[in-house]
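Text of coords.tsv (TSV, N, CA and C atoms) as supplied:
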```tsv
chain	number	residue	atom	x	y	z
A	807	MET	N	13.16	-1.51	-5.19
A	807	MET	CA	12.22	-2.59	-5.40
A	807	MET	C	12.43	-3.65	-4.31
A	808	VAL	N	11.34	-4.25	-3.91
A	808	VAL	CA	11.40	-5.26	-2.84
A	808	VAL	C	11.99	-6.55	-3.40
A	809	ASN	N	12.91	-7.11	-2.67
A	809	ASN	CA	13.54	-8.37	-3.00
A	809	ASN	C	12.46	-9.45	-3.11
A	810	SER	N	12.54	-10.28	-4.15
A	810	SER	CA	11.51	-11.31	-4.38
A	810	SER	C	11.45	-12.32	-3.24
A	811	GLU	N	12.58	-12.62	-2.61
A	811	GLU	CA	12.58	-13.54	-1.48
A	811	GLU	C	11.83	-12.94	-0.30
A	812	LEU	N	12.00	-11.63	-0.09
A	812	LEU	CA	11.28	-10.95	0.98
A	812	LEU	C	9.79	-10.92	0.67
A	813	LEU	N	9.46	-10.63	-0.57
A	813	LEU	CA	8.06	-10.59	-0.98
A	813	LEU	C	7.37	-11.94	-0.74
A	814	ASP	N	8.09	-13.02	-0.92
A	814	ASP	CA	7.53	-14.36	-0.71
A	814	ASP	C	7.13	-14.63	0.74
A	815	ILE	N	7.77	-13.93	1.68
A	815	ILE	CA	7.48	-14.20	3.10
A	815	ILE	C	6.65	-13.10	3.76
A	816	LEU	N	6.47	-11.97	3.10
A	816	LEU	CA	5.69	-10.89	3.70
A	816	LEU	C	4.21	-11.23	3.69
A	817	VAL	N	3.54	-10.88	4.79
A	817	VAL	CA	2.10	-11.05	4.91
A	817	VAL	C	1.53	-9.81	5.58
A	818	CYS	N	0.24	-9.63	5.42
A	818	CYS	CA	-0.45	-8.54	6.10
A	818	CYS	C	-0.35	-8.78	7.61
A	819	PRO	N	0.06	-7.77	8.38
A	819	PRO	CA	0.19	-7.96	9.83
A	819	PRO	C	-1.16	-8.14	10.54
A	820	GLU	N	-2.23	-7.74	9.88
A	820	GLU	CA	-3.56	-7.85	10.49
A	820	GLU	C	-4.19	-9.22	10.25
A	821	THR	N	-4.14	-9.70	9.01
A	821	THR	CA	-4.83	-10.95	8.65
A	821	THR	C	-3.89	-12.12	8.38
A	822	ARG	N	-2.61	-11.83	8.27
A	822	ARG	CA	-1.58	-12.84	7.95
A	822	ARG	C	-1.78	-13.44	6.56
A	823	THR	N	-2.47	-12.72	5.68
A	823	THR	CA	-2.64	-13.18	4.30
A	823	THR	C	-1.54	-12.59	3.43
A	824	PRO	N	-1.23	-13.25	2.32
A	824	PRO	CA	-0.15	-12.77	1.45
A	824	PRO	C	-0.41	-11.38	0.87
A	825	VAL	N	0.67	-10.75	0.48
A	825	VAL	CA	0.61	-9.46	-0.21
A	825	VAL	C	1.34	-9.60	-1.54
A	826	ARG	N	1.00	-8.73	-2.47
A	826	ARG	CA	1.64	-8.72	-3.79
A	826	ARG	C	1.95	-7.28	-4.15
A	827	LEU	N	2.84	-7.10	-5.11
A	827	LEU	CA	3.16	-5.75	-5.57
A	827	LEU	C	1.95	-5.14	-6.27
A	828	ALA	N	1.71	-3.88	-6.01
A	828	ALA	CA	0.63	-3.15	-6.68
A	828	ALA	C	1.00	-2.93	-8.14
A	829	ASP	N	0.02	-3.01	-9.02
A	829	ASP	CA	0.30	-2.78	-10.44
A	829	ASP	C	0.33	-1.27	-10.74
A	830	ALA	N	0.81	-0.94	-11.92
A	830	ALA	CA	1.01	0.46	-12.31
A	830	ALA	C	-0.30	1.25	-12.31
A	831	ASP	N	-1.40	0.63	-12.73
A	831	ASP	CA	-2.69	1.33	-12.76
A	831	ASP	C	-3.14	1.73	-11.36
A	832	LEU	N	-3.04	0.82	-10.42
A	832	LEU	CA	-3.43	1.12	-9.06
A	832	LEU	C	-2.53	2.20	-8.46
A	833	LEU	N	-1.23	2.08	-8.69
A	833	LEU	CA	-0.31	3.11	-8.18
A	833	LEU	C	-0.64	4.48	-8.74
A	834	ALA	N	-1.01	4.54	-10.00
A	834	ALA	CA	-1.37	5.83	-10.62
A	834	ALA	C	-2.60	6.41	-9.94
A	835	LYS	N	-3.61	5.59	-9.66
A	835	LYS	CA	-4.82	6.07	-8.99
A	835	LYS	C	-4.51	6.55	-7.57
A	836	VAL	N	-3.71	5.77	-6.86
A	836	VAL	CA	-3.34	6.13	-5.50
A	836	VAL	C	-2.54	7.44	-5.50
A	837	ASN	N	-1.58	7.55	-6.40
A	837	ASN	CA	-0.76	8.77	-6.46
A	837	ASN	C	-1.58	9.99	-6.85
A	838	ARG	N	-2.59	9.80	-7.68
A	838	ARG	CA	-3.48	10.91	-8.04
A	838	ARG	C	-4.22	11.40	-6.79
A	839	ALA	N	-4.74	10.47	-6.01
A	839	ALA	CA	-5.44	10.84	-4.77
A	839	ALA	C	-4.49	11.48	-3.76
A	840	ILE	N	-3.26	11.01	-3.70
A	840	ILE	CA	-2.26	11.63	-2.82
A	840	ILE	C	-2.02	13.07	-3.24
A	841	SER	N	-1.83	13.30	-4.54
A	841	SER	CA	-1.54	14.66	-5.03
A	841	SER	C	-2.74	15.59	-4.81
A	842	GLU	N	-3.95	15.04	-4.82
A	842	GLU	CA	-5.15	15.84	-4.57
A	842	GLU	C	-5.38	16.08	-3.08
A	843	GLY	N	-4.62	15.38	-2.24
A	843	GLY	CA	-4.75	15.53	-0.80
A	843	GLY	C	-5.97	14.84	-0.21
A	844	THR	N	-6.55	13.88	-0.94
A	844	THR	CA	-7.77	13.23	-0.48
A	844	THR	C	-7.56	11.84	0.10
A	845	LEU	N	-6.35	11.33	0.05
A	845	LEU	CA	-6.11	9.95	0.48
A	845	LEU	C	-5.69	9.92	1.95
A	846	LEU	N	-6.41	9.12	2.74
A	846	LEU	CA	-6.12	8.96	4.15
A	846	LEU	C	-5.70	7.52	4.43
A	847	ASN	N	-4.79	7.34	5.37
A	847	ASN	CA	-4.46	5.99	5.80
A	847	ASN	C	-5.48	5.54	6.85
A	848	ARG	N	-5.32	4.34	7.35
A	848	ARG	CA	-6.30	3.80	8.31
A	848	ARG	C	-6.37	4.60	9.59
A	849	GLU	N	-5.30	5.27	9.92
A	849	GLU	CA	-5.28	6.10	11.12
A	849	GLU	C	-6.05	7.40	10.90
A	850	GLY	N	-6.35	7.72	9.62
A	850	GLY	CA	-7.05	8.96	9.30
A	850	GLY	C	-6.14	10.10	8.95
A	851	THR	N	-4.85	9.82	8.81
A	851	THR	CA	-3.86	10.83	8.47
A	851	THR	C	-3.71	10.91	6.95
A	852	PRO	N	-3.66	12.12	6.40
A	852	PRO	CA	-3.44	12.24	4.96
A	852	PRO	C	-2.11	11.60	4.55
A	853	VAL	N	-2.13	10.87	3.45
A	853	VAL	CA	-0.91	10.26	2.93
A	853	VAL	C	-0.16	11.33	2.15
A	854	ARG	N	1.12	11.47	2.42
A	854	ARG	CA	1.96	12.49	1.77
A	854	ARG	C	3.04	11.81	0.95
A	855	GLY	N	3.36	12.37	-0.18
A	855	GLY	CA	4.45	11.88	-1.02
A	855	GLY	C	4.03	10.72	-1.90
A	856	ALA	N	4.30	10.87	-3.18
A	856	ALA	CA	3.94	9.84	-4.15
A	856	ALA	C	4.65	8.53	-3.84
A	857	LEU	N	4.01	7.44	-4.21
A	857	LEU	CA	4.57	6.10	-3.99
A	857	LEU	C	5.17	5.58	-5.29
A	858	ASP	N	6.37	5.04	-5.20
A	858	ASP	CA	6.99	4.36	-6.34
A	858	ASP	C	6.56	2.90	-6.39
A	859	ALA	N	6.20	2.36	-5.23
A	859	ALA	CA	5.79	0.97	-5.14
A	859	ALA	C	4.94	0.79	-3.89
A	860	ALA	N	4.18	-0.28	-3.88
A	860	ALA	CA	3.33	-0.59	-2.73
A	860	ALA	C	2.96	-2.07	-2.79
A	861	LEU	N	2.49	-2.57	-1.67
A	861	LEU	CA	2.04	-3.95	-1.57
A	861	LEU	C	0.54	-3.96	-1.32
A	862	VAL	N	-0.16	-4.85	-1.99
A	862	VAL	CA	-1.60	-4.97	-1.84
A	862	VAL	C	-1.90	-6.29	-1.14
A	863	ARG	N	-2.77	-6.21	-0.15
A	863	ARG	CA	-3.20	-7.42	0.54
A	863	ARG	C	-3.96	-8.31	-0.43
A	864	GLU	N	-3.87	-9.60	-0.25
A	864	GLU	CA	-4.46	-10.60	-1.15
A	864	GLU	C	-5.92	-10.31	-1.49
A	865	ASP	N	-6.70	-9.82	-0.52
A	865	ASP	CA	-8.12	-9.55	-0.79
A	865	ASP	C	-8.35	-8.21	-1.49
A	866	GLY	N	-7.27	-7.44	-1.70
A	866	GLY	CA	-7.37	-6.18	-2.42
A	866	GLY	C	-7.95	-5.03	-1.63
A	867	LEU	N	-8.10	-5.18	-0.32
A	867	LEU	CA	-8.72	-4.14	0.49
A	867	LEU	C	-7.76	-3.13	1.09
A	868	LEU	N	-6.49	-3.51	1.24
A	868	LEU	CA	-5.50	-2.62	1.84
A	868	LEU	C	-4.23	-2.57	1.02
A	869	LEU	N	-3.59	-1.41	1.07
A	869	LEU	CA	-2.32	-1.21	0.40
A	869	LEU	C	-1.30	-0.76	1.44
A	870	TYR	N	-0.13	-1.37	1.41
A	870	TYR	CA	0.96	-0.99	2.30
A	870	TYR	C	2.02	-0.28	1.47
A	871	PRO	N	2.34	0.98	1.82
A	871	PRO	CA	3.33	1.72	1.03
A	871	PRO	C	4.73	1.12	1.16
A	872	ILE	N	5.51	1.34	0.14
A	872	ILE	CA	6.93	1.02	0.18
A	872	ILE	C	7.66	2.34	0.09
A	873	ARG	N	8.44	2.66	1.10
A	873	ARG	CA	9.18	3.92	1.16
A	873	ARG	C	10.68	3.61	1.21
A	874	ASP	N	11.43	4.19	0.31
A	874	ASP	CA	12.89	3.95	0.25
A	874	ASP	C	13.20	2.46	0.20
A	875	ASP	N	12.44	1.73	-0.61
A	875	ASP	CA	12.60	0.28	-0.80
A	875	ASP	C	12.30	-0.54	0.44
A	876	ILE	N	11.62	0.06	1.43
A	876	ILE	CA	11.27	-0.66	2.66
A	876	ILE	C	9.75	-0.71	2.79
A	877	PRO	N	9.17	-1.90	2.82
A	877	PRO	CA	7.73	-2.01	3.01
A	877	PRO	C	7.33	-1.50	4.40
A	878	VAL	N	6.34	-0.64	4.44
A	878	VAL	CA	5.82	-0.12	5.70
A	878	VAL	C	4.62	-0.97	6.07
A	879	MET	N	4.87	-2.01	6.87
A	879	MET	CA	3.85	-3.01	7.18
A	879	MET	C	3.21	-2.71	8.55
A	880	LEU	N	2.76	-1.48	8.72
A	880	LEU	CA	2.08	-1.08	9.94
A	880	LEU	C	0.60	-0.92	9.64
A	881	ILE	N	-0.25	-1.48	10.49
A	881	ILE	CA	-1.69	-1.47	10.22
A	881	ILE	C	-2.22	-0.04	10.09
A	882	ASP	N	-1.80	0.87	10.95
A	882	ASP	CA	-2.28	2.25	10.88
A	882	ASP	C	-1.81	2.98	9.63
A	883	GLU	N	-0.69	2.56	9.05
A	883	GLU	CA	-0.16	3.20	7.85
A	883	GLU	C	-0.75	2.62	6.56
A	884	ALA	N	-1.50	1.53	6.68
A	884	ALA	CA	-2.12	0.92	5.52
A	884	ALA	C	-3.14	1.88	4.90
A	885	ILE	N	-3.31	1.77	3.60
A	885	ILE	CA	-4.23	2.63	2.87
A	885	ILE	C	-5.42	1.79	2.41
A	886	PRO	N	-6.62	2.12	2.89
A	886	PRO	CA	-7.82	1.40	2.44
A	886	PRO	C	-8.05	1.63	0.95
A	887	LEU	N	-8.37	0.57	0.24
A	887	LEU	CA	-8.55	0.66	-1.22
A	887	LEU	C	-10.01	0.64	-1.64
A	888	ASP	N	-10.93	0.75	-0.69
A	888	ASP	CA	-12.34	0.69	-1.07
A	888	ASP	C	-12.76	1.79	-2.04
A	889	ALA	N	-12.11	2.93	-2.00
A	889	ALA	CA	-12.43	4.03	-2.92
A	889	ALA	C	-11.95	3.76	-4.34
A	890	PHE	N	-11.09	2.77	-4.53
A	890	PHE	CA	-10.50	2.51	-5.84
A	890	PHE	C	-11.10	1.29	-6.53
A	891	SER	N	-12.11	0.66	-5.92
A	891	SER	CA	-12.69	-0.53	-6.55
A	891	SER	C	-13.83	-0.21	-7.48
```
Can I see the file as structure tokens?
Amino acid sequence: MVNSELLDILVCPETRTPVRLADADLLAKVNRAISEGTLLNREGTPVRGALDAALVREDGLLLYPIRDDIPVMLIDEAIPLDAFS
């Protein structure tokens, strides 16, 4: 799990807006799409491996995966959430 102090200072690298932890419902939807092989990141690469946690940009448009308790704050690795709204 991401340290709360770290979460307080993390921002989207693209817009510099705050991020928050994704809720369980969103993670379930994202993980379902990952298991179906239909989820692509912004680079267009299929996302592999279920997520235990993720960060959502304040506007709800992008999700940044957390892998091994480390937020992956790379723009190309972000997952567009337009399919989940």
With distances taken over all atoms listed in the file, the candidate from A:Leu816, A:Pro877, A:Gly843, A:Ser810 nearest Ala859 of chain A is A:Pro877
Two-atom distance - atom CA of Val825 of chain A, atom N of Leu869 of chain A (Å)
9.2 Å
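Candidate residues A:Cys818, A:Ile872, A:Leu813, A:Ala856 were compared for distance to Val836 of chain A, and the nearest is A:Ala856, using only N, CA and C atoms.
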Please provide as an MDAnalysis selection string all residues within 6.5 Å of Ala884 of chain A, with the sequence filter that same-chain residues fewer than 6 positions apart are discarded (counting all atoms listed in the file).
chainID A and resid 846:849 868:871
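Relative to atom CA of Asn809 of chain A, atom CA of Pro852 of chain A is found at 27.9 Å.
Computed from the coordinates, the atom C of Leu861 of chain A to atom N of Asp875 of chain A distance equals 13.2 Å.
For chain A, a DSSP pass over the backbone yields helix (DSSP H, G or I) at A:Ser810, A:Glu811, A:Leu812, A:Leu813, A:Asp814, A:Ile815, A:Ala830, A:Asp831, A:Leu832, A:Leu833, A:Ala834, A:Lys835, A:Val836, A:Asn837, A:Arg838, A:Ala839, A:Ile840, A:Ser841, A:Glu842, A:Ile881, A:Asp882, A:Glu883, A:Asp888, A:Ala889, A:Phe890.
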Please, could you write that set of residues out with N, CA and C atoms as a PDB file, in the coordinates of the input?
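Just written: out.pdb:
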```pdb
ATOM      1  N   SER A 810      12.540 -10.280  -4.150  1.00  0.00           N
ATOM      2  CA  SER A 810      11.510 -11.310  -4.380  1.00  0.00           C
ATOM      3  C   SER A 810      11.450 -12.320  -3.240  1.00  0.00           C
ATOM      4  N   GLU A 811      12.580 -12.620  -2.610  1.00  0.00           N
ATOM      5  CA  GLU A 811      12.580 -13.540  -1.480  1.00  0.00           C
ATOM      6  C   GLU A 811      11.830 -12.940  -0.300  1.00  0.00           C
ATOM      7  N   LEU A 812      12.000 -11.630  -0.090  1.00  0.00           N
ATOM      8  CA  LEU A 812      11.280 -10.950   0.980  1.00  0.00           C
ATOM      9  C   LEU A 812       9.790 -10.920   0.670  1.00  0.00           C
ATOM     10  N   LEU A 813       9.460 -10.630  -0.570  1.00  0.00           N
ATOM     11  CA  LEU A 813       8.060 -10.590  -0.980  1.00  0.00           C
ATOM     12  C   LEU A 813       7.370 -11.940  -0.740  1.00  0.00           C
ATOM     13  N   ASP A 814       8.090 -13.020  -0.920  1.00  0.00           N
ATOM     14  CA  ASP A 814       7.530 -14.360  -0.710  1.00  0.00           C
ATOM     15  C   ASP A 814       7.130 -14.630   0.740  1.00  0.00           C
ATOM     16  N   ILE A 815       7.770 -13.930   1.680  1.00  0.00           N
ATOM     17  CA  ILE A 815       7.480 -14.200   3.100  1.00  0.00           C
ATOM     18  C   ILE A 815       6.650 -13.100   3.760  1.00  0.00           C
ATOM     19  N   ALA A 830       0.810  -0.940 -11.920  1.00  0.00           N
ATOM     20  CA  ALA A 830       1.010   0.460 -12.310  1.00  0.00           C
ATOM     21  C   ALA A 830      -0.300   1.250 -12.310  1.00  0.00           C
ATOM     22  N   ASP A 831      -1.400   0.630 -12.730  1.00  0.00           N
ATOM     23  CA  ASP A 831      -2.690   1.330 -12.760  1.00  0.00           C
ATOM     24  C   ASP A 831      -3.140   1.730 -11.360  1.00  0.00           C
ATOM     25  N   LEU A 832      -3.040   0.820 -10.420  1.00  0.00           N
ATOM     26  CA  LEU A 832      -3.430   1.120  -9.060  1.00  0.00           C
ATOM     27  C   LEU A 832      -2.530   2.200  -8.460  1.00  0.00           C
ATOM     28  N   LEU A 833      -1.230   2.080  -8.690  1.00  0.00           N
ATOM     29  CA  LEU A 833      -0.310   3.110  -8.180  1.00  0.00           C
ATOM     30  C   LEU A 833      -0.640   4.480  -8.740  1.00  0.00           C
ATOM     31  N   ALA A 834      -1.010   4.540 -10.000  1.00  0.00           N
ATOM     32  CA  ALA A 834      -1.370   5.830 -10.620  1.00  0.00           C
ATOM     33  C   ALA A 834      -2.600   6.410  -9.940  1.00  0.00           C
ATOM     34  N   LYS A 835      -3.610   5.590  -9.660  1.00  0.00           N
ATOM     35  CA  LYS A 835      -4.820   6.070  -8.990  1.00  0.00           C
ATOM     36  C   LYS A 835      -4.510   6.550  -7.570  1.00  0.00           C
ATOM     37  N   VAL A 836      -3.710   5.770  -6.860  1.00  0.00           N
ATOM     38  CA  VAL A 836      -3.340   6.130  -5.500  1.00  0.00           C
ATOM     39  C   VAL A 836      -2.540   7.440  -5.500  1.00  0.00           C
ATOM     40  N   ASN A 837      -1.580   7.550  -6.400  1.00  0.00           N
ATOM     41  CA  ASN A 837      -0.760   8.770  -6.460  1.00  0.00           C
ATOM     42  C   ASN A 837      -1.580   9.990  -6.850  1.00  0.00           C
ATOM     43  N   ARG A 838      -2.590   9.800  -7.680  1.00  0.00           N
ATOM     44  CA  ARG A 838      -3.480  10.910  -8.040  1.00  0.00           C
ATOM     45  C   ARG A 838      -4.220  11.400  -6.790  1.00  0.00           C
ATOM     46  N   ALA A 839      -4.740  10.470  -6.010  1.00  0.00           N
ATOM     47  CA  ALA A 839      -5.440  10.840  -4.770  1.00  0.00           C
ATOM     48  C   ALA A 839      -4.490  11.480  -3.760  1.00  0.00           C
ATOM     49  N   ILE A 840      -3.260  11.010  -3.700  1.00  0.00           N
ATOM     50  CA  ILE A 840      -2.260  11.630  -2.820  1.00  0.00           C
ATOM     51  C   ILE A 840      -2.020  13.070  -3.240  1.00  0.00           C
ATOM     52  N   SER A 841      -1.830  13.300  -4.540  1.00  0.00           N
ATOM     53  CA  SER A 841      -1.540  14.660  -5.030  1.00  0.00           C
ATOM     54  C   SER A 841      -2.740  15.590  -4.810  1.00  0.00           C
ATOM     55  N   GLU A 842      -3.950  15.040  -4.820  1.00  0.00           N
ATOM     56  CA  GLU A 842      -5.150  15.840  -4.570  1.00  0.00           C
ATOM     57  C   GLU A 842      -5.380  16.080  -3.080  1.00  0.00           C
ATOM     58  N   ILE A 881      -0.250  -1.480  10.490  1.00  0.00           N
ATOM     59  CA  ILE A 881      -1.690  -1.470  10.220  1.00  0.00           C
ATOM     60  C   ILE A 881      -2.220  -0.040  10.090  1.00  0.00           C
ATOM     61  N   ASP A 882      -1.800   0.870  10.950  1.00  0.00           N
ATOM     62  CA  ASP A 882      -2.280   2.250  10.880  1.00  0.00           C
ATOM     63  C   ASP A 882      -1.810   2.980   9.630  1.00  0.00           C
ATOM     64  N   GLU A 883      -0.690   2.560   9.050  1.00  0.00           N
ATOM     65  CA  GLU A 883      -0.160   3.200   7.850  1.00  0.00           C
ATOM     66  C   GLU A 883      -0.750   2.620   6.560  1.00  0.00           C
ATOM     67  N   ASP A 888     -10.930   0.750  -0.690  1.00  0.00           N
ATOM     68  CA  ASP A 888     -12.340   0.690  -1.070  1.00  0.00           C
ATOM     69  C   ASP A 888     -12.760   1.790  -2.040  1.00  0.00           C
ATOM     70  N   ALA A 889     -12.110   2.930  -2.000  1.00  0.00           N
ATOM     71  CA  ALA A 889     -12.430   4.030  -2.920  1.00  0.00           C
ATOM     72  C   ALA A 889     -11.950   3.760  -4.340  1.00  0.00           C
ATOM     73  N   PHE A 890     -11.090   2.770  -4.530  1.00  0.00           N
ATOM     74  CA  PHE A 890     -10.500   2.510  -5.840  1.00  0.00           C
ATOM     75  C   PHE A 890     -11.100   1.290  -6.530  1.00  0.00           C
TER      76      PHE A 890
END
```
Around the point (3.6, -2.4, -6.6) (coordinates from the file), which residues reach within 7 Å if we count only N, CA and C atoms? Answer as a count of residues only.
11
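Candidate residues A:Ala834, A:Gly850, A:Gly866, A:Gly855 were compared for distance to Glu883 of chain A, and the nearest is A:Gly850, using all atoms listed in the file.
Distance annotation: of A:Leu857, A:Pro824, A:Arg873, A:Asp814, the residue with the minimal separation from Ile840 of chain A is A:Leu857; atom set is only C-alpha atoms.
Nearest to Leu887 of chain A of all the residues A:Ile815, A:Lys835, A:Leu867, A:Leu845 is A:Leu867, based on all atoms listed in the file.
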Within chain A, find each residue whose DSSP state, derived from the backbone, is strand (DSSP E or B), and express the selection as a short mmCIF file (atom, residue, chain, number, x, y, z; two decimals) with N, CA and C atoms, keeping the file's coordinate frame.
```cif
data_model
loop_
_atom_site.label_atom_id
_atom_site.label_comp_id
_atom_site.auth_asym_id
_atom_site.auth_seq_id
_atom_site.Cartn_x
_atom_site.Cartn_y
_atom_site.Cartn_z
N VAL A 817 3.54 -10.88 4.79
CA VAL A 817 2.10 -11.05 4.91
C VAL A 817 1.53 -9.81 5.58
N PRO A 824 -1.23 -13.25 2.32
CA PRO A 824 -0.15 -12.77 1.45
C PRO A 824 -0.41 -11.38 0.87
N VAL A 825 0.67 -10.75 0.48
CA VAL A 825 0.61 -9.46 -0.21
C VAL A 825 1.34 -9.60 -1.54
N ARG A 826 1.00 -8.73 -2.47
CA ARG A 826 1.64 -8.72 -3.79
C ARG A 826 1.95 -7.28 -4.15
N LEU A 827 2.84 -7.10 -5.11
CA LEU A 827 3.16 -5.75 -5.57
C LEU A 827 1.95 -5.14 -6.27
N LEU A 846 -6.41 9.12 2.74
CA LEU A 846 -6.12 8.96 4.15
C LEU A 846 -5.70 7.52 4.43
N PRO A 852 -3.66 12.12 6.40
CA PRO A 852 -3.44 12.24 4.96
C PRO A 852 -2.11 11.60 4.55
N ALA A 859 6.20 2.36 -5.23
CA ALA A 859 5.79 0.97 -5.14
C ALA A 859 4.94 0.79 -3.89
N ALA A 860 4.18 -0.28 -3.88
CA ALA A 860 3.33 -0.59 -2.73
C ALA A 860 2.96 -2.07 -2.79
N LEU A 861 2.49 -2.57 -1.67
CA LEU A 861 2.04 -3.95 -1.57
C LEU A 861 0.54 -3.96 -1.32
N VAL A 862 -0.16 -4.85 -1.99
CA VAL A 862 -1.60 -4.97 -1.84
C VAL A 862 -1.90 -6.29 -1.14
N ARG A 863 -2.77 -6.21 -0.15
CA ARG A 863 -3.20 -7.42 0.54
C ARG A 863 -3.96 -8.31 -0.43
N LEU A 868 -6.49 -3.51 1.24
CA LEU A 868 -5.50 -2.62 1.84
C LEU A 868 -4.23 -2.57 1.02
N LEU A 869 -3.59 -1.41 1.07
CA LEU A 869 -2.32 -1.21 0.40
C LEU A 869 -1.30 -0.76 1.44
N TYR A 870 -0.13 -1.37 1.41
CA TYR A 870 0.96 -0.99 2.30
C TYR A 870 2.02 -0.28 1.47
N PRO A 871 2.34 0.98 1.82
CA PRO A 871 3.33 1.72 1.03
C PRO A 871 4.73 1.12 1.16
N ILE A 872 5.51 1.34 0.14
CA ILE A 872 6.93 1.02 0.18
C ILE A 872 7.66 2.34 0.09
N ARG A 873 8.44 2.66 1.10
CA ARG A 873 9.18 3.92 1.16
C ARG A 873 10.68 3.61 1.21
N ILE A 876 11.62 0.06 1.43
CA ILE A 876 11.27 -0.66 2.66
C ILE A 876 9.75 -0.71 2.79
N PRO A 877 9.17 -1.90 2.82
CA PRO A 877 7.73 -2.01 3.01
C PRO A 877 7.33 -1.50 4.40
N ILE A 885 -3.31 1.77 3.60
CA ILE A 885 -4.23 2.63 2.87
C ILE A 885 -5.42 1.79 2.41
N PRO A 886 -6.62 2.12 2.89
CA PRO A 886 -7.82 1.40 2.44
C PRO A 886 -8.05 1.63 0.95
#
```
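Using all atoms listed in the file, the nearest neighbour of Ser841 of chain A within the list A:Glu864, A:Val853, A:Val808, A:Val817 is A:Val853.
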